[in-house]
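Below: my_file_33.cif (mmCIF, C-alpha atoms)
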```cif
data_query
loop_
_atom_site.group_PDB
_atom_site.id
_atom_site.type_symbol
_atom_site.label_atom_id
_atom_site.label_comp_id
_atom_site.auth_asym_id
_atom_site.auth_seq_id
_atom_site.Cartn_x
_atom_site.Cartn_y
_atom_site.Cartn_z
ATOM 1 C CA MET A 1 -1.108 4.598 -22.072
ATOM 2 C CA PHE A 2 0.116 6.746 -19.150
ATOM 3 C CA ALA A 3 -3.268 8.475 -18.750
ATOM 4 C CA VAL A 4 -4.966 5.074 -18.637
ATOM 5 C CA MET A 5 -2.402 3.787 -16.152
ATOM 6 C CA ASP A 6 -2.803 6.857 -13.916
ATOM 7 C CA LYS A 7 -6.535 6.201 -13.787
ATOM 8 C CA GLN A 8 -5.994 2.499 -13.048
ATOM 9 C CA LEU A 9 -3.556 3.476 -10.286
ATOM 10 C CA CYS A 10 -6.146 5.769 -8.685
ATOM 11 C CA PHE A 11 -8.882 3.156 -8.994
ATOM 12 C CA GLY A 12 -6.530 0.518 -7.584
ATOM 13 C CA PHE A 13 -5.744 2.683 -4.553
ATOM 14 C CA TYR A 14 -9.396 3.596 -4.001
ATOM 15 C CA ASN A 15 -10.505 -0.053 -4.172
ATOM 16 C CA THR A 16 -7.751 -1.364 -1.889
ATOM 17 C CA PHE A 17 -9.125 -2.240 1.538
ATOM 18 C CA PRO A 18 -7.830 -0.809 4.832
ATOM 19 C CA LEU A 19 -5.752 -3.262 6.853
ATOM 20 C CA TRP A 20 -8.120 -2.919 9.803
ATOM 21 C CA ILE A 21 -11.523 -1.384 10.482
ATOM 22 C CA ASN A 22 -12.193 1.279 13.125
ATOM 23 C CA GLU A 23 -9.519 1.106 15.843
ATOM 24 C CA GLN A 24 -6.857 -1.551 16.285
ATOM 25 C CA PHE A 25 -3.431 -1.446 17.928
ATOM 26 C CA GLY A 26 -4.381 1.910 19.453
ATOM 27 C CA ILE A 27 -4.685 3.509 15.996
ATOM 28 C CA GLN A 28 -7.919 4.715 14.398
ATOM 29 C CA GLN A 29 -8.287 3.839 10.721
ATOM 30 C CA PHE A 30 -9.246 6.692 8.406
ATOM 31 C CA GLU A 31 -12.603 5.993 6.783
ATOM 32 C CA PHE A 32 -12.025 6.892 3.165
ATOM 33 C CA PRO A 33 -14.947 8.851 1.664
ATOM 34 C CA ASN A 34 -17.173 7.164 -0.912
ATOM 35 C CA LEU A 35 -16.509 8.704 -4.308
ATOM 36 C CA PRO A 36 -18.346 8.647 -7.672
ATOM 37 C CA MET A 37 -15.290 7.252 -9.450
ATOM 38 C CA SER A 38 -16.959 6.984 -12.875
ATOM 39 C CA ASN A 39 -16.499 10.767 -13.291
ATOM 40 C CA PHE A 40 -12.974 10.933 -11.874
ATOM 41 C CA LYS A 41 -10.208 12.130 -14.198
ATOM 42 C CA PRO A 42 -6.733 12.059 -12.611
ATOM 43 C CA LYS A 43 -3.912 14.463 -13.258
ATOM 44 C CA PRO A 44 -0.653 12.869 -14.480
ATOM 45 C CA ILE A 45 1.375 11.078 -11.814
ATOM 46 C CA ASN A 46 5.137 10.880 -12.280
ATOM 47 C CA ASP A 47 5.953 7.178 -12.691
ATOM 48 C CA ARG A 48 9.609 7.823 -11.817
ATOM 49 C CA LEU A 49 8.690 8.553 -8.207
ATOM 50 C CA ARG A 50 8.908 5.663 -5.783
ATOM 51 C CA LEU A 51 5.531 4.027 -5.342
ATOM 52 C CA GLY A 52 4.936 5.475 -1.876
ATOM 53 C CA HIS A 53 5.204 9.010 -3.260
ATOM 54 C CA GLN A 54 2.916 8.132 -6.173
ATOM 55 C CA MET A 55 0.349 6.966 -3.623
ATOM 56 C CA GLU A 56 0.580 10.346 -1.876
ATOM 57 C CA TYR A 57 -0.356 12.068 -5.142
ATOM 58 C CA VAL A 58 -3.218 9.604 -5.638
ATOM 59 C CA PHE A 59 -4.493 10.206 -2.094
ATOM 60 C CA GLU A 60 -4.260 13.973 -2.611
ATOM 61 C CA GLN A 61 -6.225 13.895 -5.881
ATOM 62 C CA LEU A 62 -8.948 11.668 -4.434
ATOM 63 C CA ILE A 63 -9.369 13.829 -1.315
ATOM 64 C CA LEU A 64 -9.569 16.983 -3.464
ATOM 65 C CA TYR A 65 -12.234 15.207 -5.525
ATOM 66 C CA ALA A 66 -14.207 14.234 -2.408
ATOM 67 C CA LYS A 67 -17.143 16.260 -1.193
ATOM 68 C CA HIS A 68 -16.745 17.844 2.266
ATOM 69 C CA TRP A 69 -12.982 17.292 2.436
ATOM 70 C CA LYS A 70 -10.199 19.859 2.210
ATOM 71 C CA ILE A 71 -6.410 19.552 2.403
ATOM 72 C CA ILE A 72 -5.069 22.127 4.867
ATOM 73 C CA ALA A 73 -1.437 21.027 4.487
ATOM 74 C CA LYS A 74 0.635 18.144 3.144
ATOM 75 C CA ASN A 75 4.204 16.906 3.584
ATOM 76 C CA VAL A 76 4.808 19.322 6.457
ATOM 77 C CA LEU A 77 8.507 19.222 7.331
ATOM 78 C CA VAL A 78 9.417 19.351 11.009
ATOM 79 C CA ASP A 79 12.863 20.768 11.791
ATOM 80 C CA GLU A 80 14.687 21.264 15.077
ATOM 81 C CA GLY A 81 17.407 23.758 14.337
ATOM 82 C CA LYS A 82 19.307 22.307 11.402
ATOM 83 C CA ASN A 83 18.024 18.793 12.034
ATOM 84 C CA ARG A 84 14.989 17.387 10.254
ATOM 85 C CA ILE A 85 13.126 15.259 12.757
ATOM 86 C CA GLY A 86 10.250 14.166 10.547
ATOM 87 C CA GLU A 87 7.363 14.961 8.267
ATOM 88 C CA ILE A 88 3.580 15.111 8.642
ATOM 89 C CA ASP A 89 1.823 13.472 5.675
ATOM 90 C CA PHE A 90 -1.538 15.272 5.578
ATOM 91 C CA ILE A 91 -3.664 17.644 7.619
ATOM 92 C CA LEU A 92 -7.275 17.472 6.413
ATOM 93 C CA GLU A 93 -10.527 19.138 7.312
ATOM 94 C CA ASN A 94 -13.946 17.607 7.044
ATOM 95 C CA THR A 95 -15.815 20.779 6.103
ATOM 96 C CA GLU A 96 -19.209 19.233 6.863
ATOM 97 C CA ILE A 97 -18.514 18.529 10.541
ATOM 98 C CA LYS A 98 -15.676 21.090 10.945
ATOM 99 C CA GLU A 99 -13.170 18.564 12.255
ATOM 100 C CA VAL A 100 -9.442 18.478 11.510
ATOM 101 C CA TYR A 101 -7.438 15.289 11.012
ATOM 102 C CA HIS A 102 -3.763 14.425 10.983
ATOM 103 C CA ILE A 103 -3.496 11.533 8.535
ATOM 104 C CA GLU A 104 -0.478 9.303 8.085
ATOM 105 C CA LEU A 105 -0.654 7.391 4.812
ATOM 106 C CA ALA A 106 0.635 3.890 4.141
ATOM 107 C CA TYR A 107 0.129 1.626 1.131
ATOM 108 C CA LYS A 108 1.718 -1.764 1.706
ATOM 109 C CA PHE A 109 2.170 -5.195 0.158
ATOM 110 C CA TYR A 110 2.644 -7.812 2.856
ATOM 111 C CA ILE A 111 2.992 -11.537 2.682
ATOM 112 C CA VAL A 112 1.511 -13.503 5.581
ATOM 113 C CA ASN A 113 3.983 -16.026 6.958
ATOM 114 C CA PRO A 114 2.087 -18.486 9.211
ATOM 115 C CA GLU A 115 5.388 -20.064 10.322
ATOM 116 C CA ILE A 116 5.697 -17.096 12.728
ATOM 117 C CA SER A 117 3.610 -17.455 15.892
ATOM 118 C CA GLU A 118 2.943 -13.784 16.752
ATOM 119 C CA PRO A 119 0.151 -12.545 14.373
ATOM 120 C CA ILE A 120 1.432 -8.985 13.805
ATOM 121 C CA HIS A 121 4.951 -10.333 13.157
ATOM 122 C CA ARG A 122 3.610 -12.525 10.345
ATOM 123 C CA LEU A 123 3.166 -9.586 8.002
ATOM 124 C CA MET A 124 6.261 -8.623 6.065
ATOM 125 C CA GLY A 125 7.260 -7.197 2.720
ATOM 126 C CA PRO A 126 8.062 -9.827 0.066
ATOM 127 C CA ASN A 127 11.791 -9.092 0.464
ATOM 128 C CA LYS A 128 11.568 -9.355 4.304
ATOM 129 C CA ARG A 129 12.832 -5.789 4.691
ATOM 130 C CA ASP A 130 9.513 -4.102 5.467
ATOM 131 C CA MET A 131 7.812 -5.381 8.613
ATOM 132 C CA PHE A 132 4.299 -4.432 9.686
ATOM 133 C CA PHE A 133 5.142 -4.352 13.400
ATOM 134 C CA THR A 134 8.004 -1.897 12.827
ATOM 135 C CA LYS A 135 5.707 0.369 10.794
ATOM 136 C CA LEU A 136 3.138 0.149 13.598
ATOM 137 C CA ASP A 137 5.758 1.151 16.171
ATOM 138 C CA LYS A 138 6.926 4.028 13.974
ATOM 139 C CA LEU A 139 3.367 5.352 13.686
ATOM 140 C CA LYS A 140 2.739 5.196 17.427
ATOM 141 C CA GLU A 141 6.159 6.164 18.740
ATOM 142 C CA LYS A 142 7.306 8.713 16.171
ATOM 143 C CA GLN A 143 4.874 9.884 13.487
ATOM 144 C CA PHE A 144 1.824 10.651 15.653
ATOM 145 C CA PRO A 145 3.789 12.196 18.571
ATOM 146 C CA LEU A 146 5.619 14.394 16.024
ATOM 147 C CA PHE A 147 2.412 16.385 15.605
ATOM 148 C CA TYR A 148 2.829 17.710 19.146
ATOM 149 C CA ALA A 149 6.515 18.604 18.770
ATOM 150 C CA GLU A 150 7.512 22.089 19.859
ATOM 151 C CA ALA A 151 9.173 22.534 16.456
ATOM 152 C CA LEU A 152 5.782 22.232 14.720
ATOM 153 C CA ARG A 153 3.880 24.628 16.978
ATOM 154 C CA SER A 154 4.476 27.830 14.996
ATOM 155 C CA LYS A 155 3.482 26.146 11.714
ATOM 156 C CA LEU A 156 0.232 24.939 13.270
ATOM 157 C CA GLN A 157 -0.432 28.430 14.607
ATOM 158 C CA ASP A 158 0.082 29.849 11.104
ATOM 159 C CA LEU A 159 -2.489 27.322 9.857
ATOM 160 C CA LYS A 160 -4.835 28.293 12.732
ATOM 161 C CA ILE A 161 -4.827 24.725 14.049
ATOM 162 C CA GLN A 162 -5.108 23.797 17.727
ATOM 163 C CA SER A 163 -3.251 20.521 18.050
ATOM 164 C CA ASP A 164 -5.349 19.274 20.982
ATOM 165 C CA THR A 165 -8.521 19.289 18.836
ATOM 166 C CA VAL A 166 -7.007 17.346 15.919
ATOM 167 C CA LYS A 167 -7.889 13.676 15.375
ATOM 168 C CA GLN A 168 -4.987 11.427 14.436
ATOM 169 C CA GLN A 169 -5.677 8.539 12.099
ATOM 170 C CA ALA A 170 -3.898 6.243 9.643
ATOM 171 C CA CYS A 171 -4.993 5.612 6.088
ATOM 172 C CA PHE A 172 -3.362 2.189 5.976
ATOM 173 C CA LYS A 173 -4.295 0.395 2.752
ATOM 174 C CA THR A 174 -2.806 -3.031 2.168
ATOM 175 C CA GLN A 175 -2.702 -5.977 -0.186
ATOM 176 C CA LEU A 176 -2.040 -9.236 1.659
ATOM 177 C CA PHE A 177 -0.681 -12.465 0.167
ATOM 178 C CA ILE A 178 -1.147 -15.849 1.797
ATOM 179 C CA PRO A 179 0.864 -19.051 1.135
ATOM 180 C CA TYR A 180 -0.059 -20.793 -2.122
ATOM 181 C CA GLY A 181 -2.317 -23.761 -1.411
ATOM 182 C CA ASP A 182 -3.084 -22.671 2.158
ATOM 183 C CA THR A 183 -6.653 -21.406 2.577
ATOM 184 C CA ASN A 184 -6.817 -21.629 6.380
ATOM 185 C CA VAL A 185 -4.525 -18.738 7.270
ATOM 186 C CA SER A 186 -5.986 -16.637 10.081
ATOM 187 C CA ILE A 187 -5.231 -12.914 9.986
ATOM 188 C CA HIS A 188 -7.597 -11.830 12.777
ATOM 189 C CA PRO A 189 -8.021 -8.989 13.803
ATOM 190 C CA LEU A 190 -6.981 -7.718 10.376
ATOM 191 C CA ASN A 191 -9.332 -7.200 7.437
ATOM 192 C CA LYS A 192 -9.587 -10.443 5.450
ATOM 193 C CA ASN A 193 -10.736 -8.449 2.398
ATOM 194 C CA CYS A 194 -7.098 -7.326 2.067
ATOM 195 C CA ILE A 195 -6.108 -10.806 0.850
ATOM 196 C CA GLN A 196 -5.409 -10.253 -2.850
ATOM 197 C CA GLY A 197 -3.145 -13.124 -3.844
ATOM 198 C CA LYS A 198 -0.680 -15.828 -2.878
ATOM 199 C CA TRP A 199 3.048 -16.234 -2.338
ATOM 200 C CA ILE A 200 5.426 -19.110 -2.935
ATOM 201 C CA ARG A 201 9.119 -19.882 -2.576
ATOM 202 C CA PHE A 202 11.224 -20.098 -5.740
ATOM 203 C CA GLU A 203 11.966 -23.820 -5.432
ATOM 204 C CA ASP A 204 8.220 -24.548 -5.134
ATOM 205 C CA PHE A 205 7.420 -22.382 -8.157
ATOM 206 C CA ASN A 206 9.667 -24.654 -10.248
ATOM 207 C CA ALA A 207 7.059 -27.423 -10.005
ATOM 208 C CA GLU A 208 5.009 -29.196 -12.649
ATOM 209 C CA THR A 209 1.787 -27.561 -11.444
ATOM 210 C CA PHE A 210 2.901 -24.122 -12.627
ATOM 211 C CA LYS A 211 3.988 -25.152 -16.135
ATOM 212 C CA ALA A 212 0.389 -25.036 -17.388
ATOM 213 C CA PHE A 213 0.106 -21.285 -16.753
ATOM 214 C CA GLU A 214 1.400 -18.117 -18.436
ATOM 215 C CA TYR A 215 2.944 -15.184 -16.603
ATOM 216 C CA TYR A 216 3.508 -11.462 -16.697
ATOM 217 C CA ILE A 217 5.915 -9.644 -14.362
ATOM 218 C CA PRO A 218 4.261 -6.282 -13.623
ATOM 219 C CA PHE A 219 6.100 -3.028 -13.018
ATOM 220 C CA LYS A 220 5.962 -1.805 -9.403
ATOM 221 C CA ARG A 221 3.091 0.647 -10.009
ATOM 222 C CA GLU A 222 1.123 -2.184 -11.676
ATOM 223 C CA TRP A 223 1.220 -4.057 -8.374
ATOM 224 C CA VAL A 224 -1.579 -1.736 -7.225
ATOM 225 C CA ILE A 225 -4.026 -2.498 -10.029
ATOM 226 C CA VAL A 226 -6.307 -5.432 -10.826
ATOM 227 C CA PRO A 227 -4.470 -7.783 -13.248
ATOM 228 C CA ILE A 228 -5.523 -7.410 -16.884
ATOM 229 C CA LEU A 229 -5.179 -9.540 -19.998
ATOM 230 C CA ASN A 230 -3.680 -7.002 -22.417
ATOM 231 C CA ARG A 231 -0.074 -7.605 -21.376
ATOM 232 C CA GLN A 232 2.669 -9.780 -22.870
ATOM 233 C CA TYR A 233 2.323 -13.081 -21.016
ATOM 234 C CA THR A 234 5.114 -15.645 -21.329
ATOM 235 C CA SER A 235 5.654 -19.325 -20.626
ATOM 236 C CA HIS A 236 6.675 -20.794 -17.289
ATOM 237 C CA TYR A 237 10.151 -21.565 -18.662
ATOM 238 C CA GLU A 238 10.783 -17.994 -19.849
ATOM 239 C CA THR A 239 9.429 -16.610 -16.594
ATOM 240 C CA LEU A 240 11.632 -18.959 -14.594
ATOM 241 C CA LEU A 241 14.743 -17.632 -16.327
ATOM 242 C CA GLU A 242 13.790 -14.041 -15.487
ATOM 243 C CA ILE A 243 12.858 -14.872 -11.902
ATOM 244 C CA ASN A 244 16.151 -16.703 -11.378
ATOM 245 C CA ILE A 245 17.991 -13.428 -12.065
ATOM 246 C CA ARG A 246 15.751 -11.671 -9.510
ATOM 247 C CA MET A 247 16.433 -14.384 -6.941
ATOM 248 C CA LEU A 248 20.206 -13.865 -7.259
ATOM 249 C CA LYS A 249 19.604 -10.177 -6.441
ATOM 250 C CA GLU A 250 17.387 -11.122 -3.472
ATOM 251 C CA ASN A 251 14.399 -9.529 -5.161
ATOM 252 C CA SER A 252 10.934 -11.083 -4.898
ATOM 253 C CA PRO A 253 8.840 -10.240 -7.974
ATOM 254 C CA MET A 254 5.088 -10.176 -8.247
ATOM 255 C CA LEU A 255 3.658 -12.264 -11.079
ATOM 256 C CA TRP A 256 0.311 -12.193 -12.761
ATOM 257 C CA LEU A 257 -0.503 -15.867 -13.223
ATOM 258 C CA LYS A 258 -2.882 -16.472 -16.127
ATOM 259 C CA LYS A 259 -4.790 -19.751 -16.140
ATOM 260 C CA PRO A 260 -6.071 -21.508 -19.286
ATOM 261 C CA ASP A 261 -9.618 -20.244 -18.564
ATOM 262 C CA GLY A 262 -8.348 -16.636 -18.767
ATOM 263 C CA SER A 263 -8.559 -15.914 -15.030
ATOM 264 C CA ILE A 264 -5.578 -14.134 -13.464
ATOM 265 C CA GLU A 265 -4.116 -14.289 -9.967
ATOM 266 C CA LYS A 266 -1.421 -12.270 -8.220
ATOM 267 C CA LEU A 267 1.520 -14.330 -6.989
ATOM 268 C CA PHE A 268 4.731 -13.295 -5.244
ATOM 269 C CA VAL A 269 7.743 -15.572 -5.719
ATOM 270 C CA VAL A 270 10.058 -14.993 -2.759
ATOM 271 C CA TRP A 271 13.825 -15.482 -2.761
ATOM 272 C CA TRP A 272 14.282 -16.525 0.852
#
```
Target encoding structure tokens, full file:
Amino acid sequence: MFAVMDKQLCFGFYNTFPLWINEQFGIQQFEFPNLPMSNFKPKPINDRLRLGHQMEYVFEQLILYAKHWKIIAKNVLVDEGKNRIGEIDFILENTEIKEVYHIELAYKFYIVNPEISEPIHRLMGPNKRDMFFTKLDKLKEKQFPLFYAEALRSKLQDLKIQSDTVKQQACFKTQLFIPYGDTNVSIHPLNKNCIQGKWIRFEDFNAETFKAFEYYIPFKREWVIVPILNRQYTSHYETLLEINIRMLKENSPMLWLKKPDGSIEKLFVVWW
């Protein structure tokens, strides 16, 4: 089961689209190499790690599997005296063109809230605690400048890296969720291929429309993968009872919504 899930996790990451193409917001998107995934066999990934750390292990395995790519360093800690001021996710080399890259990795689930006028402010985590615009600011104001910190200089020298020749990019993969029943949501200039499901408020989920479907509440690492049938799906009533508990804890679960024809959709039910 775990070996199968590790493979599904890697495939899910690989097949998730980048939030933008080329350069947007002053940040160049990392172009993930094309890989022959049919031959890929992942090493075990600790499911007790938070999902962001699991994604780092997935990224690492896929880059090691890629032709012409090498990991020079990962999770490089940057300390000033006794104070830790940050961490560099990955330093990679494209061995074909002899170029070095500083890559900051992000794998996000954002709902798109069209009630907000400013486009980049519309993207937020399902619990409203993780905002795209704050992540964008952190990348530009902290994570990328950190590479040029005096405290990192000796480590880069040890790695024989000249910081002024390094290209800085983000591998920013995202699943977006638009309001249920709203097909006209504009997410320009973001990648519309990132739209992977819908979201709905709890009071709207308790409607007659949804009683005809069955549901599965996936574990966090299952959020990454394509929904599958071989799970224990339950009725709308049973699901409602479970979701009500989540709502009281201000926790917005993802559901896999299974229709009578066997098709499955991803749906976030939000508490707010």
Find the residues around Trp271 (chain A) up to 10 Å (only C-alpha atoms counted), leave out those fewer than 3 positions away in its own chain, and share them as a PDB file with C-alpha atoms, in the frame of the given file.
```pdb
ATOM      1  CA  PRO A 126       8.062  -9.827   0.066  1.00  0.00           C
ATOM      2  CA  ASN A 127      11.791  -9.092   0.464  1.00  0.00           C
ATOM      3  CA  LYS A 128      11.568  -9.355   4.304  1.00  0.00           C
ATOM      4  CA  ILE A 200       5.426 -19.110  -2.935  1.00  0.00           C
ATOM      5  CA  ARG A 201       9.119 -19.882  -2.576  1.00  0.00           C
ATOM      6  CA  PHE A 202      11.224 -20.098  -5.740  1.00  0.00           C
ATOM      7  CA  GLU A 203      11.966 -23.820  -5.432  1.00  0.00           C
ATOM      8  CA  ILE A 243      12.858 -14.872 -11.902  1.00  0.00           C
ATOM      9  CA  ASN A 244      16.151 -16.703 -11.378  1.00  0.00           C
ATOM     10  CA  ARG A 246      15.751 -11.671  -9.510  1.00  0.00           C
ATOM     11  CA  MET A 247      16.433 -14.384  -6.941  1.00  0.00           C
ATOM     12  CA  LEU A 248      20.206 -13.865  -7.259  1.00  0.00           C
ATOM     13  CA  LYS A 249      19.604 -10.177  -6.441  1.00  0.00           C
ATOM     14  CA  GLU A 250      17.387 -11.122  -3.472  1.00  0.00           C
ATOM     15  CA  ASN A 251      14.399  -9.529  -5.161  1.00  0.00           C
ATOM     16  CA  SER A 252      10.934 -11.083  -4.898  1.00  0.00           C
ATOM     17  CA  PRO A 253       8.840 -10.240  -7.974  1.00  0.00           C
ATOM     18  CA  PHE A 268       4.731 -13.295  -5.244  1.00  0.00           C
TER      19      PHE A 268
END
```
*asked:* Take the PyMOL selection byres ((chain A and resi 142-150) around 10), run it mentally on this structure, and tell me the resulting residues as number ranges by chain.
replied: A: 27, 76, 78-80, 85-89, 102-104, 135-141, 151-156, 163-164, 166, 168-170
_Result set, the PyMOL selection byres ((chain A and resi 261) around 12) on current file, as a list in words_ = Ala212, Phe213, Glu214, Leu229, Leu257, Lys258, Lys259, Pro260, Gly262, Ser263, Ile264 and Glu265 of chain A
*asked:* One number please: CA of Ile45 (chain A) to CA of Val58 (chain A), in Å, one decimal.
replied: 7.8 Å
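For the pair CA of Cys194 (chain A) and CA of Arg50 (chain A), the separation is 22.1 Å.
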*Go through A:Leu190, A:Phe17, A:Tyr216, A:Lys7 and flag the residue nearest Ile228 (chain A), using only C-alpha atoms for the distances.*
A:Tyr216
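The list of residues with at least one atom within 10 Å of Phe219 (chain A), based on all atoms listed in the file and without residues fewer than 5 positions apart in the same chain, reads A:Val224, A:Pro253, A:Met254, A:Leu255.
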I need the residues from that last selection saved to file as a short mmCIF file (atom, residue, chain, number, x, y, z; two decimals), in the frame of the given file (with C-alpha atoms), if you can.
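Listed below is the output, result_23.cif:
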```
data_model
loop_
_atom_site.label_atom_id
_atom_site.label_comp_id
_atom_site.auth_asym_id
_atom_site.auth_seq_id
_atom_site.Cartn_x
_atom_site.Cartn_y
_atom_site.Cartn_z
CA VAL A 224 -1.58 -1.74 -7.22
CA PRO A 253 8.84 -10.24 -7.97
CA MET A 254 5.09 -10.18 -8.25
CA LEU A 255 3.66 -12.26 -11.08
#
```
*asked:* Quick check, in Å to one decimal: how far apart do CA of Leu49 (chain A) and CA of Asn94 (chain A) lie?
replied: 28.8 Å
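Closest to Asn206 (chain A) among A:Arg84, A:His121, A:His236, A:Lys220 is A:His236, based on all atoms listed in the file.
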*Which residues, written as a ChimeraX atom specification, have at least one atom at most 8 Å from region 65-69 of chain A, with only C-alpha atoms counted and residues fewer than 4 positions away on the same chain left out?*
/A:33-35,40,61,92-96
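The nearest approach to Leu51 (chain A) among the residues A:Val4, A:Val100, A:Leu64, A:Ala106, with all atoms listed in the file taken into account, belongs to A:Ala106.
Proximity ranking of A:Met5, A:Ala207, A:Leu77, A:Ile178 relative to Glu222 (chain A) places A:Met5 first, based on all atoms listed in the file.
The result of the PyMOL selection byres ((chain A and resi 196) around 8) on the shown file is A:Gln175, A:Leu176, A:Phe177, A:Asn193, A:Cys194, A:Ile195, A:Gly197, A:Lys198, A:Lys266.
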*May I ask which of the residues A:Ile225, A:Ile245, A:Pro44, A:Val112 is the closest one to Asn184 (chain A), counting only C-alpha atoms?*
A:Val112
